[in-house]
file protein39.cif (mmCIF, C-alpha atoms)
data_target
loop_
_atom_site.group_PDB
_atom_site.id
_atom_site.type_symbol
_atom_site.label_atom_id
_atom_site.label_comp_id
_atom_site.auth_asym_id
_atom_site.auth_seq_id
_atom_site.Cartn_x
_atom_site.Cartn_y
_atom_site.Cartn_z
ATOM 1 C CA MET T 505 106.953 168.099 28.874
ATOM 2 C CA ASN T 506 103.285 168.332 29.915
ATOM 3 C CA ILE T 507 103.919 167.229 33.498
ATOM 4 C CA GLU T 508 102.361 168.128 36.817
ATOM 5 C CA ALA T 509 103.287 167.427 40.420
ATOM 6 C CA SER T 510 101.376 166.588 43.563
ATOM 7 C CA ALA T 511 103.260 167.260 46.789
ATOM 8 C CA ASN T 512 102.589 166.712 50.459
ATOM 9 C CA PRO T 513 103.934 169.756 52.333
ATOM 10 C CA TYR T 514 102.822 168.305 55.662
ATOM 11 C CA TYR T 515 105.820 165.980 55.615
ATOM 12 C CA LEU T 516 108.089 169.022 55.689
ATOM 13 C CA TRP T 517 106.324 170.261 58.823
ATOM 14 C CA ALA T 518 106.247 166.872 60.540
ATOM 15 C CA LEU T 519 109.581 165.361 59.537
ATOM 16 C CA ALA T 520 112.174 167.995 58.573
ATOM 17 C CA ASP T 521 113.409 168.498 62.168
ATOM 18 C CA LYS T 522 113.813 164.771 62.747
ATOM 19 C CA TYR T 523 115.401 164.084 59.366
ATOM 20 C CA SER T 524 117.755 167.018 59.932
ATOM 21 C CA GLU T 525 119.119 165.306 63.048
ATOM 22 C CA THR T 526 118.957 161.688 61.897
ATOM 23 C CA GLY T 527 119.045 160.350 58.386
ATOM 24 C CA MET T 528 119.082 163.070 55.758
ATOM 25 C CA GLY T 529 121.116 165.763 57.490
ATOM 26 C CA PRO T 530 120.240 169.458 57.788
ATOM 27 C CA GLU T 531 120.774 170.506 54.158
ATOM 28 C CA ARG T 532 118.696 167.749 52.578
ATOM 29 C CA ALA T 533 115.991 167.996 55.264
ATOM 30 C CA ALA T 534 115.690 171.753 54.645
ATOM 31 C CA ASN T 535 115.035 171.024 50.974
ATOM 32 C CA MET T 536 112.259 168.490 51.481
ATOM 33 C CA VAL T 537 109.200 169.263 49.368
ATOM 34 C CA ALA T 538 110.964 172.011 47.389
ATOM 35 C CA MET T 539 107.827 173.330 45.707
ATOM 36 C CA LYS T 540 109.247 176.655 44.488
ATOM 37 C CA GLU T 541 111.398 174.654 42.086
ATOM 38 C CA LEU T 542 108.146 173.587 40.432
ATOM 39 C CA THR T 543 106.177 176.845 40.474
ATOM 40 C CA LYS T 544 109.046 178.920 39.102
ATOM 41 C CA ARG T 545 109.078 176.561 36.103
ATOM 42 C CA ASN T 546 105.275 176.867 35.719
ATOM 43 C CA ILE T 547 104.769 173.190 36.526
ATOM 44 C CA PRO T 548 101.210 172.723 37.845
ATOM 45 C CA LEU T 549 101.378 171.821 41.539
ATOM 46 C CA SER T 550 98.615 170.253 43.592
ATOM 47 C CA LEU T 551 98.854 169.673 47.327
ATOM 48 C CA HIS T 552 97.716 166.474 49.014
ATOM 49 C CA SER T 553 97.791 165.092 52.542
ATOM 50 C CA ASP T 554 98.153 161.302 52.169
ATOM 51 C CA PHE T 555 95.247 161.042 54.622
ATOM 52 C CA ALA T 556 95.225 159.078 56.991
ATOM 53 C CA MET T 557 98.994 159.438 57.370
ATOM 54 C CA ALA T 558 98.643 163.215 57.580
ATOM 55 C CA PRO T 559 95.640 165.403 58.378
ATOM 56 C CA ALA T 560 93.185 166.155 55.588
ATOM 57 C CA GLU T 561 93.338 169.900 56.215
ATOM 58 C CA PRO T 562 93.808 171.860 52.985
ATOM 59 C CA LEU T 563 94.502 175.190 54.697
ATOM 60 C CA LEU T 564 97.245 173.547 56.764
ATOM 61 C CA LEU T 565 98.829 172.261 53.548
ATOM 62 C CA ALA T 566 98.663 175.743 52.010
ATOM 63 C CA TRP T 567 100.133 177.235 55.208
ATOM 64 C CA VAL T 568 103.136 174.899 55.195
ATOM 65 C CA ALA T 569 103.704 175.468 51.462
ATOM 66 C CA ALA T 570 103.590 179.265 51.817
ATOM 67 C CA ASN T 571 105.634 179.465 55.033
ATOM 68 C CA ARG T 572 107.840 176.334 55.284
ATOM 69 C CA ILE T 573 107.445 176.420 59.055
ATOM 70 C CA VAL T 574 108.252 173.083 60.686
ATOM 71 C CA ALA T 575 107.184 171.523 64.000
ATOM 72 C CA SER T 576 109.972 173.234 65.961
ATOM 73 C CA GLY T 577 108.839 176.631 64.644
ATOM 74 C CA LYS T 578 111.885 177.071 62.396
ATOM 75 C CA VAL T 579 111.549 178.098 58.771
ATOM 76 C CA MET T 580 113.246 175.562 56.521
ATOM 77 C CA ASN T 581 114.833 176.962 53.350
ATOM 78 C CA PRO T 582 112.646 180.070 52.958
ATOM 79 C CA GLU T 583 113.695 180.344 49.300
ATOM 80 C CA GLN T 584 111.364 177.396 48.646
ATOM 81 C CA LYS T 585 108.232 179.147 49.957
ATOM 82 C CA ILE T 586 105.518 179.379 47.331
ATOM 83 C CA SER T 587 103.056 182.244 47.045
ATOM 84 C CA VAL T 588 99.705 182.120 48.801
ATOM 85 C CA TYR T 589 98.175 182.227 45.316
ATOM 86 C CA ASP T 590 100.053 179.085 44.235
ATOM 87 C CA ALA T 591 99.288 177.374 47.551
ATOM 88 C CA MET T 592 95.555 178.099 47.211
ATOM 89 C CA LYS T 593 95.601 176.896 43.599
ATOM 90 C CA GLY T 594 97.270 173.739 44.902
ATOM 91 C CA ILE T 595 94.248 172.944 47.069
ATOM 92 C CA THR T 596 91.614 174.061 44.553
ATOM 93 C CA ILE T 597 91.853 174.197 40.751
ATOM 94 C CA THR T 598 95.186 172.401 40.357
ATOM 95 C CA ALA T 599 94.051 169.674 42.752
ATOM 96 C CA ALA T 600 90.896 169.287 40.658
ATOM 97 C CA HIS T 601 93.075 169.022 37.549
ATOM 98 C CA THR T 602 95.133 166.262 39.179
ATOM 99 C CA PHE T 603 91.906 164.279 39.545
ATOM 100 C CA GLU T 604 90.902 165.227 35.976
ATOM 101 C CA MET T 605 87.873 167.045 37.392
ATOM 102 C CA GLU T 606 88.797 170.686 36.662
ATOM 103 C CA ASP T 607 85.798 170.989 34.340
ATOM 104 C CA LYS T 608 83.476 170.118 37.271
ATOM 105 C CA ILE T 609 85.106 171.435 40.488
ATOM 106 C CA GLY T 610 88.071 173.466 41.723
ATOM 107 C CA SER T 611 86.863 176.947 40.810
ATOM 108 C CA ILE T 612 83.635 178.897 40.743
ATOM 109 C CA LYS T 613 82.355 179.145 37.195
ATOM 110 C CA VAL T 614 79.039 178.870 35.394
ATOM 111 C CA GLY T 615 78.401 175.241 34.539
ATOM 112 C CA LYS T 616 80.560 173.803 37.310
ATOM 113 C CA GLU T 617 79.263 172.031 40.387
ATOM 114 C CA ALA T 618 78.661 174.499 43.230
ATOM 115 C CA THR T 619 80.956 172.817 45.752
ATOM 116 C CA PHE T 620 83.308 175.006 47.762
ATOM 117 C CA THR T 621 84.333 176.086 51.252
ATOM 118 C CA ILE T 622 83.233 179.379 52.793
ATOM 119 C CA LEU T 623 86.056 180.970 54.798
ATOM 120 C CA THR T 624 85.615 183.764 57.338
ATOM 121 C CA GLN T 625 88.708 185.578 56.034
ATOM 122 C CA ASN T 626 90.199 186.185 52.621
ATOM 123 C CA PRO T 627 93.435 184.133 52.470
ATOM 124 C CA PHE T 628 94.938 186.697 50.086
ATOM 125 C CA LYS T 629 94.422 189.591 52.502
ATOM 126 C CA ILE T 630 95.967 188.157 55.670
ATOM 127 C CA ALA T 631 99.522 187.309 56.633
ATOM 128 C CA PRO T 632 100.551 183.925 55.183
ATOM 129 C CA GLU T 633 101.420 182.806 58.715
ATOM 130 C CA LYS T 634 97.701 182.900 59.551
ATOM 131 C CA LEU T 635 96.414 180.725 56.687
ATOM 132 C CA LYS T 636 95.950 177.575 58.759
ATOM 133 C CA ASP T 637 93.954 179.501 61.357
ATOM 134 C CA ILE T 638 91.223 180.828 59.068
ATOM 135 C CA PRO T 639 87.927 179.543 60.456
ATOM 136 C CA VAL T 640 85.685 177.687 58.028
ATOM 137 C CA ALA T 641 82.239 179.268 58.119
ATOM 138 C CA GLY T 642 80.666 176.431 56.193
ATOM 139 C CA VAL T 643 80.534 174.636 52.896
ATOM 140 C CA VAL T 644 78.454 174.610 49.779
ATOM 141 C CA TYR T 645 78.158 171.079 48.473
ATOM 142 C CA LYS T 646 76.438 170.594 45.152
ATOM 143 C CA GLY T 647 74.660 173.918 45.652
ATOM 144 C CA ARG T 648 73.460 173.212 49.201
ATOM 145 C CA MET T 649 74.888 175.386 51.945
ATOM 146 C CA LYS T 650 75.755 174.142 55.427
ATOM 147 C CA LEU T 651 77.030 176.723 57.901
ATOM 148 C CA ASN T 652 79.094 175.713 60.906
ATOM 149 C CA LYS T 653 77.535 178.290 63.221
ATOM 150 C CA GLY T 654 76.054 181.733 63.132
ATOM 151 C CA LYS T 655 73.093 182.775 61.103
ATOM 152 C CA PHE T 656 72.703 183.438 57.439
ATOM 153 C CA VAL T 657 72.453 187.104 56.516
ATOM 154 C CA GLY T 658 71.566 188.746 53.243
ATOM 155 C CA ALA T 659 69.252 187.326 50.633
ATOM 156 C CA GLY T 660 67.770 183.891 51.178
ATOM 157 C CA ARG T 661 68.331 180.573 49.494
ATOM 158 C CA ASP T 662 66.411 179.092 46.624
ATOM 159 C CA ALA T 663 64.423 175.825 46.770
ATOM 160 C CA HIS T 664 67.663 173.863 46.434
ATOM 161 C CA GLY T 665 69.425 175.694 49.277
ATOM 162 C CA CYS T 666 71.612 177.739 46.928
ATOM 163 C CA ILE T 667 72.974 181.032 48.209
ATOM 164 C CA GLY T 668 71.140 184.137 47.109
ATOM 165 C CA SER T 669 73.546 186.969 47.891
ATOM 166 C CA ALA T 670 76.460 184.862 49.202
ATOM 167 C CA GLY T 671 75.984 186.650 52.517
ATOM 168 C CA TYR T 672 76.857 184.835 55.749
ATOM 169 C CA SER T 673 78.086 185.545 59.236
#

call {"tool": "encode", "arguments": {"input": "protein39.cif", "output": "structure tokens"}}
result
Amino acid sequence: MNIEASANPYYLWALADKYSETGMGPERAANMVAMKELTKRNIPLSLHSDFAMAPAEPLLLAWVAANRIVASGKVMNPEQKISVYDAMKGITITAAHTFEMEDKIGSIKVGKEATFTILTQNPFKIAPEKLKDIPVAGVVYKGRMKLNKGKFVGAGRDAHGCIGSAGYS
């Protein structure tokens, strides 16, 4: 059918408890933002925040999508958790595709704009419950690096500020 979906997992975190008690009921509230239904059918899924109604924090969106933890700390319908891989795609390449910009941003590839976030931990090598807590070391925006704190280690940058060895602390 050539369709794609963009979902806001933050609403699950923020509203599922309340909707469970008032309005939707527990079964429908537990099934809010049922993203696994999309990924198991290979429907491209991007994640969005509806900023300013929800925080513009991509790792938080990925965390909710991969864990389905809500404000009370409960896990709502764990069968609808998506993989960390699908959650990270939802905030990177699939999100870029939603904006019809996947040929320019969303992944690291020769010919694309060098714009990405530098994380201090590999999201694929930690427990999914820790995704939202990964510190951001800095960003590379159009090839120019800006670190949050710490000093750059490894090879230097070129005249445009591009990373030499991708080393950082």

call {"tool": "closest_residue", "arguments": {"input": "protein39.cif", "among": "T:Lys629, T:Met505, T:Asn652, T:Ile595", "to": "Glu561 of chain T", "atoms": "all atoms listed in the file"}}
result
T:Ile595

call {"tool": "resolve_selection", "arguments": {"input": "protein39.cif", "expression": "the PyMOL selection byres ((chain T and resi 608) around 12)", "output": "list of chain:residue names"}}
result
T:Thr596, T:Ile597, T:Ala599, T:Ala600, T:His601, T:Phe603, T:Glu604, T:Met605, T:Glu606, T:Asp607, T:Ile609, T:Gly610, T:Ser611, T:Ile612, T:Lys613, T:Val614, T:Gly615, T:Lys616, T:Glu617, T:Ala618, T:Thr619, T:Phe620, T:Lys646

call {"tool": "residues_around", "arguments": {"input": "protein39.cif", "residues": "Ile547 of chain T", "least_positions_apart": "5", "cutoff": "9 Å", "atoms": "all atoms listed in the file", "output": "list of chain:residue names"}}
result
T:Asn506, T:Ile507, T:Glu508, T:Ala509, T:Glu541, T:Leu542

call {"tool": "residues_around", "arguments": {"input": "protein39.cif", "residues": "Lys634 of chain T", "least_positions_apart": "5", "cutoff": "10 Å", "atoms": "all atoms listed in the file", "output": "mmCIF file with C-alpha atoms, in the coordinates of the input"}}
result
data_model
loop_
_atom_site.group_PDB
_atom_site.id
_atom_site.type_symbol
_atom_site.label_atom_id
_atom_site.label_comp_id
_atom_site.auth_asym_id
_atom_site.auth_seq_id
_atom_site.Cartn_x
_atom_site.Cartn_y
_atom_site.Cartn_z
ATOM 1 C CA LEU T 563 94.502 175.190 54.697
ATOM 2 C CA LEU T 564 97.245 173.547 56.764
ATOM 3 C CA TRP T 567 100.133 177.235 55.208
ATOM 4 C CA ASN T 571 105.634 179.465 55.033
ATOM 5 C CA PRO T 627 93.435 184.133 52.470
#

call {"tool": "residues_around", "arguments": {"input": "protein39.cif", "residues": "segment 636-638 of chain T", "least_positions_apart": "5", "cutoff": "12 Å", "atoms": "only C-alpha atoms", "output": "MDAnalysis selection string"}}
result
chainID T and resid 514 561:571 573 588 591:592 621:631

call {"tool": "atom_distance", "arguments": {"input": "protein39.cif", "atom1": "atom CA of Thr602 of chain T", "atom2": "atom CA of Ser550 of chain T"}}
result
6.9 Å

call {"tool": "atom_distance", "arguments": {"input": "protein39.cif", "atom1": "atom CA of Val643 of chain T", "atom2": "atom CA of Tyr589 of chain T"}}
result
20.6 Å

call {"tool": "atom_distance", "arguments": {"input": "protein39.cif", "atom1": "atom CA of Asn546 of chain T", "atom2": "atom CA of Glu583 of chain T"}}
result
16.4 Å

call {"tool": "resolve_selection", "arguments": {"input": "protein39.cif", "expression": "the PyMOL selection byres ((chain T and resi 572) around 12)", "output": "ChimeraX atom specification"}}
result
/T:512-521,533-540,564-571,573-588,591,632-633

call {"tool": "axis_aligned_box", "arguments": {"input": "protein39.cif", "around": "segment 637-655 of chain T", "padding_each_side": "3 Å", "output": "JSON"}}
result
{"center_x": 83.5, "center_y": 176.7, "center_z": 54.2, "size_x": 26.9, "size_y": 18.2, "size_z": 24.1}

call {"tool": "closest_residue", "arguments": {"input": "protein39.cif", "among": "T:Gly527, T:Arg532, T:Thr598, T:Ala511", "to": "Pro548 of chain T", "atoms": "all atoms listed in the file"}}
result
T:Thr598
